[in-house]
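As provided, coords_0.txt (compact mmCIF, C-alpha atoms and all ligand atoms) reads as follows.
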# COMPACT_ATOMS: atom_id res chain seq x y z
CA MET T 1 13.75 -16.81 -16.46
CA LYS T 2 14.39 -20.34 -17.68
CA ASP T 3 13.59 -21.52 -21.23
CA GLY T 4 11.63 -18.32 -21.80
CA VAL T 5 9.47 -18.91 -18.72
CA LEU T 6 9.43 -16.33 -15.92
CA GLU T 7 10.49 -17.64 -12.54
CA ILE T 8 9.11 -16.27 -9.30
CA GLY T 9 11.03 -17.04 -6.15
CA GLY T 10 12.89 -19.67 -8.18
CA LEU T 11 9.76 -21.45 -9.46
CA PRO T 12 8.48 -21.35 -13.05
CA VAL T 13 5.27 -19.37 -13.36
CA THR T 14 3.82 -22.24 -15.41
CA GLN T 15 4.27 -24.60 -12.46
CA ILE T 16 2.55 -22.16 -10.09
CA THR T 17 -0.40 -21.50 -12.39
CA GLY T 18 -0.54 -25.22 -13.20
CA GLU T 19 -1.21 -25.89 -9.53
CA TYR T 20 -3.35 -22.87 -8.66
CA GLY T 21 -4.95 -21.81 -11.93
CA THR T 22 -5.54 -18.31 -13.28
CA PRO T 23 -6.24 -15.47 -12.73
CA LEU T 24 -3.73 -15.56 -9.90
CA TYR T 25 -1.80 -13.08 -7.81
CA ILE T 26 1.69 -14.39 -7.08
CA TYR T 27 3.85 -12.74 -4.42
CA ASP T 28 7.57 -13.31 -4.03
CA GLY T 29 8.10 -13.46 -0.26
CA GLY T 30 11.91 -13.39 -0.64
CA MET T 31 11.65 -10.02 -2.32
CA VAL T 32 9.49 -8.62 0.47
CA GLU T 33 12.07 -9.84 2.96
CA GLU T 34 14.86 -8.17 0.98
CA ARG T 35 12.97 -4.87 0.84
CA TYR T 36 12.30 -4.91 4.57
CA LYS T 37 15.91 -5.71 5.43
CA ARG T 38 17.20 -3.06 3.06
CA LEU T 39 15.06 -0.44 4.77
CA ARG T 40 16.32 -1.46 8.19
CA GLU T 41 19.88 -1.26 6.89
CA VAL T 42 19.64 2.22 5.36
CA LEU T 43 17.40 3.66 8.08
CA PRO T 44 18.79 2.01 11.22
CA SER T 45 17.16 4.51 13.61
CA PHE T 46 13.71 3.90 12.16
CA GLU T 47 11.07 1.29 12.78
CA VAL T 48 9.34 0.11 9.61
CA PHE T 49 5.55 -0.01 9.76
CA TYR T 50 3.73 -1.78 6.94
CA SER T 51 0.77 0.16 5.50
CA MET T 52 -1.76 -2.60 5.30
CA LYS T 53 -3.94 -0.83 2.77
CA ALA T 54 -1.35 -1.72 0.10
CA ASN T 55 -2.13 -5.39 0.47
CA PRO T 56 -3.96 -6.88 3.45
CA SER T 57 -3.39 -10.51 2.46
CA LEU T 58 -2.94 -12.43 5.72
CA ALA T 59 0.13 -14.25 4.42
CA LEU T 60 1.89 -10.98 3.61
CA ILE T 61 0.98 -9.17 6.80
CA GLY T 62 2.03 -12.28 8.71
CA LEU T 63 5.37 -12.39 6.90
CA LEU T 64 6.01 -8.71 7.62
CA ARG T 65 5.13 -9.18 11.27
CA GLU T 66 7.57 -12.08 11.49
CA LEU T 67 10.24 -9.89 9.95
CA GLY T 68 9.63 -7.34 12.70
CA ALA T 69 7.47 -4.70 11.02
CA GLY T 70 4.82 -2.69 12.80
CA SER T 71 1.45 -2.03 11.24
CA GLU T 72 -0.11 1.17 9.93
CA ILE T 73 -3.84 0.67 9.64
CA ALA T 74 -6.64 2.82 8.26
CA SER T 75 -9.87 1.07 9.28
CA GLY T 76 -11.49 -1.10 11.91
CA GLY T 77 -11.19 -4.02 9.50
CA GLU T 78 -7.45 -3.54 9.23
CA LEU T 79 -7.24 -3.35 13.04
CA PHE T 80 -9.07 -6.67 13.19
CA LEU T 81 -6.63 -8.22 10.70
CA ALA T 82 -3.58 -6.81 12.50
CA LYS T 83 -4.76 -8.32 15.77
CA GLU T 84 -5.69 -11.57 14.06
CA VAL T 85 -2.12 -11.93 12.78
CA GLY T 86 -0.68 -11.09 16.19
CA TYR T 87 0.78 -7.60 15.83
CA ASP T 88 1.65 -6.15 19.24
CA PRO T 89 -0.85 -3.31 19.82
CA LEU T 90 2.08 -1.08 20.69
CA ASP T 91 3.27 -1.57 17.12
CA ILE T 92 0.03 -0.39 15.54
CA VAL T 93 -0.85 3.16 14.45
CA PHE T 94 -4.23 4.13 13.05
CA ALA T 95 -4.56 6.94 10.48
CA GLY T 96 -7.45 7.96 8.24
CA PRO T 97 -9.59 11.06 7.76
CA GLY T 98 -12.90 9.47 8.80
CA LYS T 99 -12.96 7.06 11.75
CA SER T 100 -16.26 5.99 13.27
CA ASP T 101 -16.87 6.01 17.03
CA SER T 102 -16.84 2.23 17.13
CA GLU T 103 -13.51 2.11 15.27
CA LEU T 104 -12.02 4.65 17.67
CA GLU T 105 -13.38 2.84 20.69
CA ASP T 106 -11.96 -0.44 19.43
CA ALA T 107 -8.57 1.22 18.92
CA ILE T 108 -8.57 2.70 22.43
CA MET T 109 -9.64 -0.58 24.04
CA SER T 110 -7.05 -2.51 22.03
CA GLY T 111 -4.32 -0.26 23.44
CA ILE T 112 -2.72 0.57 20.11
CA PHE T 113 0.33 2.82 20.11
CA ALA T 114 -1.34 5.80 18.49
CA ILE T 115 -4.54 7.00 16.92
CA ASN T 116 -3.39 9.56 14.38
CA VAL T 117 -5.99 12.27 14.76
CA GLU T 118 -6.69 14.32 11.68
CA SER T 119 -8.75 17.23 13.06
CA MET T 120 -9.41 19.10 16.29
CA ARG T 121 -12.88 17.63 16.39
CA GLU T 122 -11.51 14.12 16.09
CA LEU T 123 -9.24 14.88 19.04
CA GLU T 124 -12.32 15.91 21.05
CA ARG T 125 -14.18 12.77 19.95
CA VAL T 126 -11.29 10.57 21.02
CA ALA T 127 -11.16 12.33 24.40
CA HIS T 128 -14.90 11.84 24.85
CA LEU T 129 -14.72 8.14 23.95
CA ALA T 130 -11.70 7.63 26.20
CA ARG T 131 -13.70 9.10 29.09
CA LEU T 132 -16.61 6.80 28.29
CA VAL T 133 -14.53 3.61 28.20
CA GLY T 134 -12.36 4.79 31.10
CA ILE T 135 -9.05 4.26 29.31
CA PRO T 136 -6.75 7.17 28.35
CA ALA T 137 -6.03 7.27 24.62
CA ARG T 138 -2.64 7.64 23.00
CA VAL T 139 -2.76 10.03 20.11
CA ALA T 140 -0.41 11.29 17.41
CA LEU T 141 -1.25 14.52 15.62
CA ARG T 142 -1.36 14.12 11.87
CA VAL T 143 -0.24 17.44 10.53
CA ASN T 144 -1.02 18.93 7.14
CA THR T 145 2.16 20.90 6.58
CA ALA T 146 1.91 24.35 5.06
CA LYS T 147 3.99 23.25 2.10
CA GLY T 148 3.72 19.97 0.24
CA LEU T 149 5.79 18.47 -2.49
CA THR T 150 5.91 19.61 -6.07
CA LYS T 151 6.27 16.33 -7.96
CA THR T 152 5.88 12.65 -7.19
CA GLY T 153 6.79 10.30 -10.03
CA GLY T 154 10.26 10.41 -11.48
CA GLY T 155 9.67 10.55 -15.22
CA SER T 156 6.57 10.37 -17.40
CA ALA T 157 4.47 10.08 -14.28
CA GLY T 158 4.79 13.50 -12.78
CA PRO T 159 1.22 14.09 -11.66
CA LEU T 160 0.39 14.93 -8.11
CA HIS T 161 -2.73 12.85 -7.80
CA GLU T 162 -1.29 10.97 -4.83
CA ARG T 163 -0.48 14.19 -2.92
CA MET T 164 -2.04 14.51 0.53
CA ALA T 165 -0.50 17.51 2.28
CA GLY T 166 0.36 21.15 1.58
CA GLY T 167 -2.61 23.31 0.69
CA PRO T 168 -6.19 22.38 1.52
CA SER T 169 -6.48 18.70 2.37
CA LYS T 170 -8.92 16.29 3.93
CA PHE T 171 -5.93 14.74 5.72
CA GLY T 172 -4.39 16.05 8.93
CA ILE T 173 -4.59 19.20 11.03
CA ASP T 174 -3.40 22.34 9.27
CA GLU T 175 -0.01 23.23 10.67
CA GLU T 176 -1.06 26.79 11.47
CA LYS T 177 -3.83 25.51 13.77
CA LEU T 178 -1.44 23.70 16.08
CA GLU T 179 -1.18 26.55 18.60
CA ARG T 180 -4.90 26.26 19.35
CA LEU T 181 -4.26 22.76 20.53
CA ALA T 182 -2.54 23.84 23.73
CA ALA T 183 -5.79 25.37 24.98
CA SER T 184 -8.16 22.65 23.83
CA TRP T 185 -6.72 19.28 24.60
CA ASP T 186 -7.89 17.26 27.60
CA LYS T 187 -4.75 16.07 29.34
CA ARG T 188 -6.56 13.64 31.65
CA THR T 189 -7.83 11.47 28.80
CA ILE T 190 -5.36 12.11 25.99
CA GLU T 191 -1.67 11.40 25.88
CA ILE T 192 -0.07 13.03 22.86
CA VAL T 193 2.68 10.62 21.93
CA GLY T 194 3.85 12.25 18.77
CA ILE T 195 3.25 13.47 15.29
CA HIS T 196 2.52 12.04 11.89
CA VAL T 197 3.09 13.68 8.52
CA TYR T 198 2.11 11.95 5.29
CA THR T 199 2.76 14.09 2.26
CA ALA T 200 2.21 11.83 -0.73
CA SER T 201 2.65 8.39 -2.20
CA GLN T 202 4.75 7.22 -5.12
CA ILE T 203 7.57 9.76 -4.66
CA LEU T 204 10.65 9.00 -6.74
CA HIS T 205 12.56 12.22 -6.10
CA ILE T 206 14.99 12.01 -3.19
CA ASP T 207 15.04 15.79 -2.74
CA GLU T 208 11.26 15.84 -2.30
CA ILE T 209 11.38 13.10 0.34
CA VAL T 210 14.23 14.87 2.13
CA GLU T 211 12.33 18.17 2.12
CA ASN T 212 9.35 16.34 3.57
CA ALA T 213 11.60 14.90 6.29
CA ARG T 214 12.83 18.43 7.13
CA ARG T 215 9.29 19.74 7.35
CA THR T 216 8.36 16.79 9.59
CA ALA T 217 11.28 17.40 11.95
CA SER T 218 10.34 21.05 12.23
CA VAL T 219 6.68 20.17 12.94
CA ALA T 220 7.89 17.84 15.71
CA ARG T 221 9.84 20.70 17.30
CA ARG T 222 6.84 22.98 17.03
CA VAL T 223 4.56 20.42 18.69
CA GLU T 224 7.12 20.07 21.49
CA GLU T 225 6.87 23.82 22.05
CA VAL T 226 3.07 23.73 22.03
CA THR T 227 2.71 20.75 24.36
CA GLY T 228 5.75 21.56 26.48
CA ALA T 229 6.95 17.96 26.32
CA PRO T 230 9.29 15.97 24.09
CA VAL T 231 7.52 13.93 21.40
CA ALA T 232 7.73 10.21 22.06
CA ALA T 233 7.29 9.33 18.39
CA ILE T 234 7.71 10.83 14.95
CA ASP T 235 6.01 9.05 12.10
CA PHE T 236 7.53 10.59 9.03
CA GLY T 237 5.29 8.78 6.57
CA GLY T 238 7.45 7.79 3.65
CA GLY T 239 5.81 7.74 0.26
CA PHE T 240 8.75 5.91 -1.31
CA GLY T 241 7.74 5.11 -4.88
CA VAL T 242 8.47 2.33 -7.35
CA PRO T 243 9.20 2.90 -11.06
CA HIS T 244 6.35 2.35 -13.51
CA TYR T 245 7.83 3.92 -16.65
CA GLU T 246 11.06 3.33 -18.52
CA ASP T 247 12.29 6.83 -17.74
CA GLU T 248 11.80 6.38 -14.00
CA ASN T 249 14.60 5.14 -11.75
CA PRO T 250 14.37 3.38 -8.42
CA LEU T 251 15.27 5.48 -5.40
CA ASP T 252 18.91 5.40 -4.35
CA MET T 253 18.23 3.97 -0.91
CA VAL T 254 21.75 4.49 0.45
CA GLU T 255 21.67 8.22 -0.29
CA LEU T 256 18.06 8.53 0.84
CA GLY T 257 18.70 6.71 4.11
CA ALA T 258 21.80 8.77 4.94
CA ARG T 259 20.05 12.09 4.32
CA ILE T 260 16.98 11.17 6.35
CA GLU T 261 19.06 9.83 9.23
CA GLU T 262 20.95 13.12 9.32
CA ILE T 263 17.78 15.19 9.53
CA PHE T 264 16.44 13.21 12.47
CA GLU T 265 19.79 12.81 14.22
CA SER T 266 18.93 15.12 17.10
CA PHE T 267 15.85 12.97 17.83
CA SER T 268 17.53 9.58 17.34
CA LYS T 269 20.35 10.61 19.69
CA ARG T 270 17.86 11.11 22.50
CA GLY T 271 17.24 7.37 22.43
CA ASP T 272 13.65 7.61 23.65
CA THR T 273 11.89 8.91 20.54
CA ARG T 274 10.40 6.26 18.28
CA LEU T 275 11.12 7.11 14.65
CA ILE T 276 8.71 5.47 12.25
CA VAL T 277 8.55 5.13 8.48
CA GLU T 278 5.28 3.70 7.12
CA LEU T 279 5.36 2.12 3.71
CA GLY T 280 3.11 0.01 1.55
CA ARG T 281 4.08 -0.14 -2.09
CA TYR T 282 7.85 0.06 -1.55
CA LEU T 283 7.62 -3.19 0.41
CA VAL T 284 5.18 -5.17 -1.70
CA SER T 285 4.43 -3.67 -5.11
CA GLU T 286 7.28 -5.12 -7.12
CA CYS T 287 7.05 -8.48 -5.35
CA GLY T 288 3.67 -9.12 -6.96
CA ILE T 289 2.56 -10.22 -10.39
CA PHE T 290 -0.99 -10.72 -11.58
CA VAL T 291 -1.10 -13.66 -13.98
CA THR T 292 -3.94 -14.19 -16.43
CA ARG T 293 -4.54 -16.65 -19.26
CA VAL T 294 -5.16 -15.78 -22.91
CA LEU T 295 -8.77 -16.55 -23.82
CA GLU T 296 -8.94 -14.85 -27.18
CA LEU T 297 -6.74 -13.11 -29.73
CA LYS T 298 -8.22 -10.77 -32.24
CA GLU T 299 -7.50 -8.08 -34.76
CA SER T 300 -9.92 -5.23 -35.38
CA ARG T 301 -9.34 -2.59 -38.04
CA GLY T 302 -5.61 -2.72 -37.60
CA ASP T 303 -5.49 -2.98 -33.78
CA ARG T 304 -4.60 -6.22 -32.05
CA PHE T 305 -6.22 -7.36 -28.81
CA VAL T 306 -5.17 -10.00 -26.31
CA ILE T 307 -8.17 -10.96 -24.20
CA THR T 308 -7.46 -12.67 -20.91
CA ASP T 309 -9.41 -14.31 -18.11
CA GLY T 310 -8.60 -11.51 -15.65
CA GLY T 311 -9.32 -7.84 -16.18
CA ILE T 312 -9.65 -4.58 -14.34
CA ASN T 313 -12.29 -6.13 -12.07
CA GLN T 314 -9.33 -7.95 -10.53
CA PHE T 315 -6.53 -5.47 -11.18
CA VAL T 316 -7.99 -2.00 -11.52
CA ARG T 317 -4.93 0.23 -11.27
CA PRO T 318 -4.22 0.76 -14.99
CA ALA T 319 -7.78 2.03 -15.51
CA LEU T 320 -8.38 3.79 -12.20
CA MET T 321 -5.02 5.36 -11.45
CA LYS T 322 -4.02 5.69 -15.12
CA VAL T 323 -0.65 4.21 -14.33
CA ASN T 324 1.44 2.02 -16.55
CA HIS T 325 1.99 -1.58 -15.46
CA GLU T 326 4.38 -3.49 -17.62
CA ALA T 327 2.77 -6.62 -19.06
CA ARG T 328 4.50 -9.55 -20.77
CA VAL T 329 3.61 -12.98 -22.09
CA VAL T 330 5.49 -14.67 -19.27
CA ASN T 331 5.73 -18.19 -20.70
CA LYS T 332 7.32 -16.96 -23.97
CA LEU T 333 9.79 -14.35 -22.81
CA ASP T 334 12.46 -15.32 -25.32
CA SER T 335 10.22 -15.50 -28.40
CA PRO T 336 10.72 -12.73 -30.95
CA ALA T 337 8.09 -10.08 -30.30
CA GLU T 338 7.94 -7.48 -33.05
CA THR T 339 4.42 -6.16 -32.56
CA THR T 340 2.29 -4.76 -29.78
CA ALA T 341 -1.33 -5.16 -28.78
CA LYS T 342 -3.80 -4.02 -26.16
CA ALA T 343 -4.45 -6.52 -23.38
CA GLY T 344 -7.72 -6.60 -21.47
CA GLY T 345 -10.04 -8.87 -19.58
CA PRO T 346 -13.48 -10.33 -20.24
CA LEU T 347 -15.52 -7.35 -19.01
CA CYS T 348 -18.15 -5.70 -21.16
CA THR T 349 -16.65 -2.24 -20.82
CA PRO T 350 -14.10 -0.46 -23.00
CA ILE T 351 -12.12 0.60 -19.91
CA ASP T 352 -11.17 -3.02 -19.29
CA ILE T 353 -7.65 -2.57 -20.61
CA THR T 354 -4.87 -3.81 -18.36
CA SER T 355 -2.08 -2.91 -20.78
CA SER T 356 -2.32 -0.51 -23.69
CA GLU T 357 0.94 -1.71 -25.22
CA ILE T 358 1.95 -5.29 -24.55
CA ARG T 359 4.70 -6.73 -26.73
CA VAL T 360 3.24 -9.81 -28.37
CA PRO T 361 5.43 -12.82 -29.18
CA ASP T 362 5.10 -13.86 -32.82
CA ASP T 363 3.98 -17.32 -31.66
CA ILE T 364 1.40 -16.15 -29.10
CA ALA T 365 -1.45 -18.64 -28.71
CA LEU T 366 -4.54 -19.26 -26.63
CA ASP T 367 -3.73 -20.39 -23.08
CA ASP T 368 -0.49 -18.41 -22.95
CA LEU T 369 0.06 -16.48 -19.74
CA VAL T 370 -0.01 -12.70 -19.52
CA GLY T 371 1.72 -11.36 -16.42
CA ILE T 372 1.09 -7.83 -15.19
CA PHE T 373 3.97 -6.59 -13.10
CA ASN T 374 4.19 -4.31 -10.07
CA ALA T 375 0.90 -5.80 -8.89
CA GLY T 376 1.66 -6.54 -5.24
CA ALA T 377 0.25 -3.24 -3.96
CA TYR T 378 -3.28 -1.91 -4.39
CA GLY T 379 -4.20 -4.88 -6.57
CA TYR T 380 -6.54 -7.50 -5.15
CA SER T 381 -8.08 -5.29 -2.46
CA MET T 382 -8.48 -2.11 -4.51
CA SER T 383 -10.29 -3.77 -7.40
CA PRO T 384 -14.06 -4.00 -7.94
CA GLN T 385 -14.10 -7.77 -7.72
CA LEU T 386 -17.86 -8.21 -7.93
CA PHE T 387 -18.26 -6.40 -11.23
CA LEU T 388 -19.56 -8.96 -13.73
CA SER T 389 -19.67 -11.69 -11.09
CA HIS T 390 -16.49 -13.49 -11.97
CA PRO T 391 -15.04 -15.63 -9.17
CA THR T 392 -12.30 -13.77 -7.27
CA PRO T 393 -8.71 -14.73 -8.17
CA GLY T 394 -6.47 -16.78 -5.94
CA GLU T 395 -3.36 -15.45 -4.18
CA VAL T 396 -0.17 -17.38 -3.51
CA LEU T 397 3.03 -16.49 -1.72
CA VAL T 398 6.27 -18.11 -2.84
CA LEU T 399 8.63 -18.41 0.10
CA ASP T 400 11.80 -20.48 0.47
CA GLY T 401 11.02 -22.39 -2.72
CA LYS T 402 7.53 -23.35 -1.56
CA ILE T 403 4.14 -22.15 -2.69
CA ILE T 404 1.80 -21.07 0.09
CA GLN T 405 -1.83 -20.70 -0.86
CA ALA T 406 -2.67 -17.32 0.64
CA ARG T 407 -6.24 -17.07 -0.60
CA LYS T 408 -8.37 -19.61 -2.40
CA ARG T 409 -9.97 -18.75 -5.69
CA GLY T 410 -13.58 -17.66 -5.25
CA ARG T 411 -16.50 -19.92 -6.16
CA PHE T 412 -19.79 -19.05 -7.80
CA LYS T 413 -21.59 -19.73 -4.55
CA ASP T 414 -19.56 -16.98 -2.87
CA LEU T 415 -21.60 -14.58 -4.97
CA LEU T 416 -24.57 -15.41 -2.75
CA LEU T 417 -22.71 -14.45 0.43
CA ASN T 418 -24.67 -12.04 2.67
CA GLN T 419 -27.46 -11.76 0.10
CA GLU T 420 -31.12 -12.65 0.62
CA PRO T 421 -33.28 -13.66 -2.35
CA LEU T 422 -36.58 -11.98 -3.00
CA PRO T 423 -38.95 -13.74 -0.57
CA GLY T 424 -40.73 -16.65 -2.19
CA SER T 425 -38.70 -16.41 -5.43
CA PHE T 426 -36.76 -19.71 -4.91
C1 LIG T 501 -1.40 7.76 5.65
C2 LIG T 501 -0.81 6.82 4.67
N1 LIG T 501 0.26 6.09 5.03
C3 LIG T 501 0.82 5.21 4.18
C4 LIG T 501 0.33 5.02 2.91
C5 LIG T 501 0.98 4.00 2.03
O1 LIG T 501 1.43 4.51 0.86
P1 LIG T 501 2.41 3.70 -0.09
O2 LIG T 501 1.77 2.42 -0.40
O3 LIG T 501 2.59 4.56 -1.26
O4 LIG T 501 3.68 3.49 0.68
C6 LIG T 501 -0.78 5.76 2.48
C7 LIG T 501 -1.35 5.58 1.14
O5 LIG T 501 -2.38 6.06 0.78
C8 LIG T 501 -1.37 6.68 3.39
O6 LIG T 501 -2.45 7.40 3.06
structure tokens encoding of this file:
Amino acid sequence: MKDGVLEIGGLPVTQITGEYGTPLYIYDGGMVEERYKRLREVLPSFEVFYSMKANPSLALIGLLRELGAGSEIASGGELFLAKEVGYDPLDIVFAGPGKSDSELEDAIMSGIFAINVESMRELERVAHLARLVGIPARVALRVNTAKGLTKTGGGSAGPLHERMAGGPSKFGIDEEKLERLAASWDKRTIEIVGIHVYTASQILHIDEIVENARRTASVARRVEEVTGAPVAAIDFGGGFGVPHYEDENPLDMVELGARIEEIFESFSKRGDTRLIVELGRYLVSECGIFVTRVLELKESRGDRFVITDGGINQFVRPALMKVNHEARVVNKLDSPAETTAKAGGPLCTPIDITSSEIRVPDDIALDDLVGIFNAGAYGYSMSPQLFLSHPTPGEVLVLDGKIIQARKRGRFKDLLLNQEPLPGSF
């Protein structure tokens, strides 16, 4: 912060929005770099794969590739982007509970490291497609462990809505069905390279992550017994969370790293087992801020409202995931701010509230900038951008003191893209 103005990557937010307008996603590339390096430091036996679903912006996935990350993808579109940016196919894994034949075929033909199969039928489909294209497929078994975790967030956010394993789940093969695999899998077309366990996202409890690591290591041993061969890769998921509430603390990465390394020591000592951690939000969430401009200020029956040019059509998480994202007036950070208000965008729906309690500087005025923090993950791409036909926001990456335009702001004419008018209407 300088003179009350937030700085991102060393540059004042007012300079960045002055050049690129609002609403605008701003990503701090230096912070992404720090996060990646930190992970490599505390988990030296692990390869870090970036979960592209968190933010598929080309500039970010390119930066992570340059840093050395692999790519965890969940659709044919993400495979296309990973290839476009130049990820080595052997550094790509493909998870997801519903993959179409054409997506699977594309993955096999591209020679990616592993298709993470999530059911016995999917394993059969992959074998069938591999036979058709004449290329054996590398597969990792995504396993739905018998037990899952009991809590995710660290404080106020305790809900389990981001839980994906333990109990009935649309993700992965139930652990107790693994034995059946030995009889059913076609060894001529399928190479089982390893296992994948993904328990949940947004975990802020080290003990929960460590328990998950233990379960994963034991699943790997079990799969080795079933297949009769050592696993070539263990993808332990991750789920490392970021704080959203005042009573949540960031993970102690040194402790976390040491405990995970210990659990997988017998595998890392072998030297030929790839150990993978796949993370989205831990790498990019806190590096991002969504910046909007104040269009209107109003008071209604005792409540105050700050209305901005960007809303939940462009940053949906507060409404959809019911998660708190700190918001501040980022060009007046040192003004006294005694009162609070609700902040929301221009949409004609009452759910368009991006912050239910923003501290409002006493001298707030039209054209001030409202920044919504922790917006680097599941922001731009998760939001219903077409709702109310506002142009899509721009995205910039600040790196080494320079601003890189990652995505141009949308134009009205983009709204016509792929549409056909009623014949004869104009
Ligand atoms: C299989 C899988 N891997 C990785 C992730 C990334 O999660 P996060 O962004 O919380 O790290 C997800 C999120 O849904 C996922 O489903």
TODO: Give the residues close to ligand LIG 501 (chain T), within 10 Å, counting all atoms listed in the file; write them as a ChimeraX atom specification.
DONE: /T:49-55,72-74,93-97,116,142,162-164,171-172,196-203,235-242,277-285,377-378
Open item on the list: Just the number, please: distance in Å from atom CA of Pro243 of chain T to atom CA of Ser356 of chain T, one decimal.
Closed with: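 Separation of atom CA of Pro243 of chain T and atom CA of Ser356 of chain T: 17.4 Å.
The space between atom CA of Val316 of chain T and atom CA of Cys348 of chain T spans 14.5 Å.
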Task: One-decimal distance in Å that lies between atom CA of Ile312 of chain T and atom CA of Thr349 of chain T - done: 9.8 Å
Task: Selection near segment 328-343 of chain T, 9 Å with all atoms listed in the file, sequence-local residues under 4 positions removed, as a VMD selection string - done: chain T and resid 1 3 to 7 12 to 14 291 303 to 308 311 352 to 364 368 to 373
Open item on the list: Calculated over all atoms listed in the file, which of the candidates T:Ile404, T:Ala82, T:Leu129, T:Ile209 has the smallest distance to Glu255 of chain T?
Closed with: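 Closest to Glu255 of chain T, using all atoms listed in the file: T:Ile209.
Summary of the local environment: counting all atoms listed in the file, residues at most 7 Å from Asn324 of chain T, other than itself and those fewer than 3 positions away along its chain, are His244, Tyr245 and Pro318 of chain T.
Residue nearest Glu34 of chain T within the list T:Ala107, T:Val323, T:Ala217, T:Cys287: T:Cys287 [criterion: smallest interatomic distance, only C-alpha atoms].
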Open item on the list: Ranking T:Arg317, T:Lys298, T:Lys147, T:Arg188 by minimum distance to Glu175 of chain T and counting all atoms listed in the file, which one comes first?
Closed with: T:Lys147
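For Leu415 of chain T, the non-local neighbours within 10 Å, defined as residues at least 3 positions apart in the same chain or in other chains and counting only C-alpha atoms, are Leu386, Ser389, His390, Pro391, Thr392, Gly410, Arg411, Phe412, Asn418 and Gln419 of chain T.
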Task: Contacts of Glu176 of chain T within 10 Å, all atoms listed in the file, excl. fewer than 6 positions in-chain, as an NGL selection string - done: :T and (143-146)
Would you output that residue set with C-alpha atoms, as a CSV table (one decimal), keeping the file's coordinate frame?
chain,number,residue,atom,x,y,z
T,143,VAL,CA,-0.2,17.4,10.5
T,144,ASN,CA,-1.0,18.9,7.1
T,145,THR,CA,2.2,20.9,6.6
T,146,ALA,CA,1.9,24.4,5.1
Task: Nearest to Leu60 of chain T, chosen from T:Val48, T:Ile260, T:Val126, T:Ile26, with all atoms listed in the file counted in the distances - done: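 The shortest atom-to-atom distance to Leu60 of chain T comes from T:Ile26.
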Fill-in result for segment 331-343 of chain T, N, CA and C atoms as a CSV table (one decimal), in the coordinates of the input:
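Dumped to selection24.csv:
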chain,number,residue,atom,x,y,z
T,331,ASN,N,5.2,-16.8,-20.4
T,331,ASN,CA,5.7,-18.2,-20.7
T,331,ASN,C,6.5,-18.2,-22.0
T,332,LYS,N,6.6,-17.0,-22.7
T,332,LYS,CA,7.3,-17.0,-24.0
T,332,LYS,C,8.2,-15.7,-24.0
T,333,LEU,N,9.0,-15.6,-22.9
T,333,LEU,CA,9.8,-14.4,-22.8
T,333,LEU,C,10.9,-14.3,-23.8
T,334,ASP,N,11.4,-15.4,-24.3
T,334,ASP,CA,12.5,-15.3,-25.3
T,334,ASP,C,12.0,-15.5,-26.8
T,335,SER,N,10.7,-15.5,-27.0
T,335,SER,CA,10.2,-15.5,-28.4
T,335,SER,C,10.4,-14.1,-29.0
T,336,PRO,N,10.7,-14.0,-30.3
T,336,PRO,CA,10.7,-12.7,-31.0
T,336,PRO,C,9.3,-12.1,-30.8
T,337,ALA,N,9.4,-10.8,-30.5
T,337,ALA,CA,8.1,-10.1,-30.3
T,337,ALA,C,8.2,-8.7,-31.0
T,338,GLU,N,7.8,-8.7,-32.2
T,338,GLU,CA,7.9,-7.5,-33.0
T,338,GLU,C,6.8,-6.5,-32.9
T,339,THR,N,5.6,-7.0,-32.5
T,339,THR,CA,4.4,-6.2,-32.6
T,339,THR,C,3.8,-6.0,-31.1
T,340,THR,N,2.9,-5.0,-31.1
T,340,THR,CA,2.3,-4.8,-29.8
T,340,THR,C,0.8,-4.9,-29.9
T,341,ALA,N,0.1,-5.0,-28.8
T,341,ALA,CA,-1.3,-5.2,-28.8
T,341,ALA,C,-1.9,-4.5,-27.5
T,342,LYS,N,-3.2,-4.4,-27.4
T,342,LYS,CA,-3.8,-4.0,-26.2
T,342,LYS,C,-4.2,-5.3,-25.4
T,343,ALA,N,-4.0,-5.3,-24.1
T,343,ALA,CA,-4.4,-6.5,-23.4
T,343,ALA,C,-5.6,-6.1,-22.5
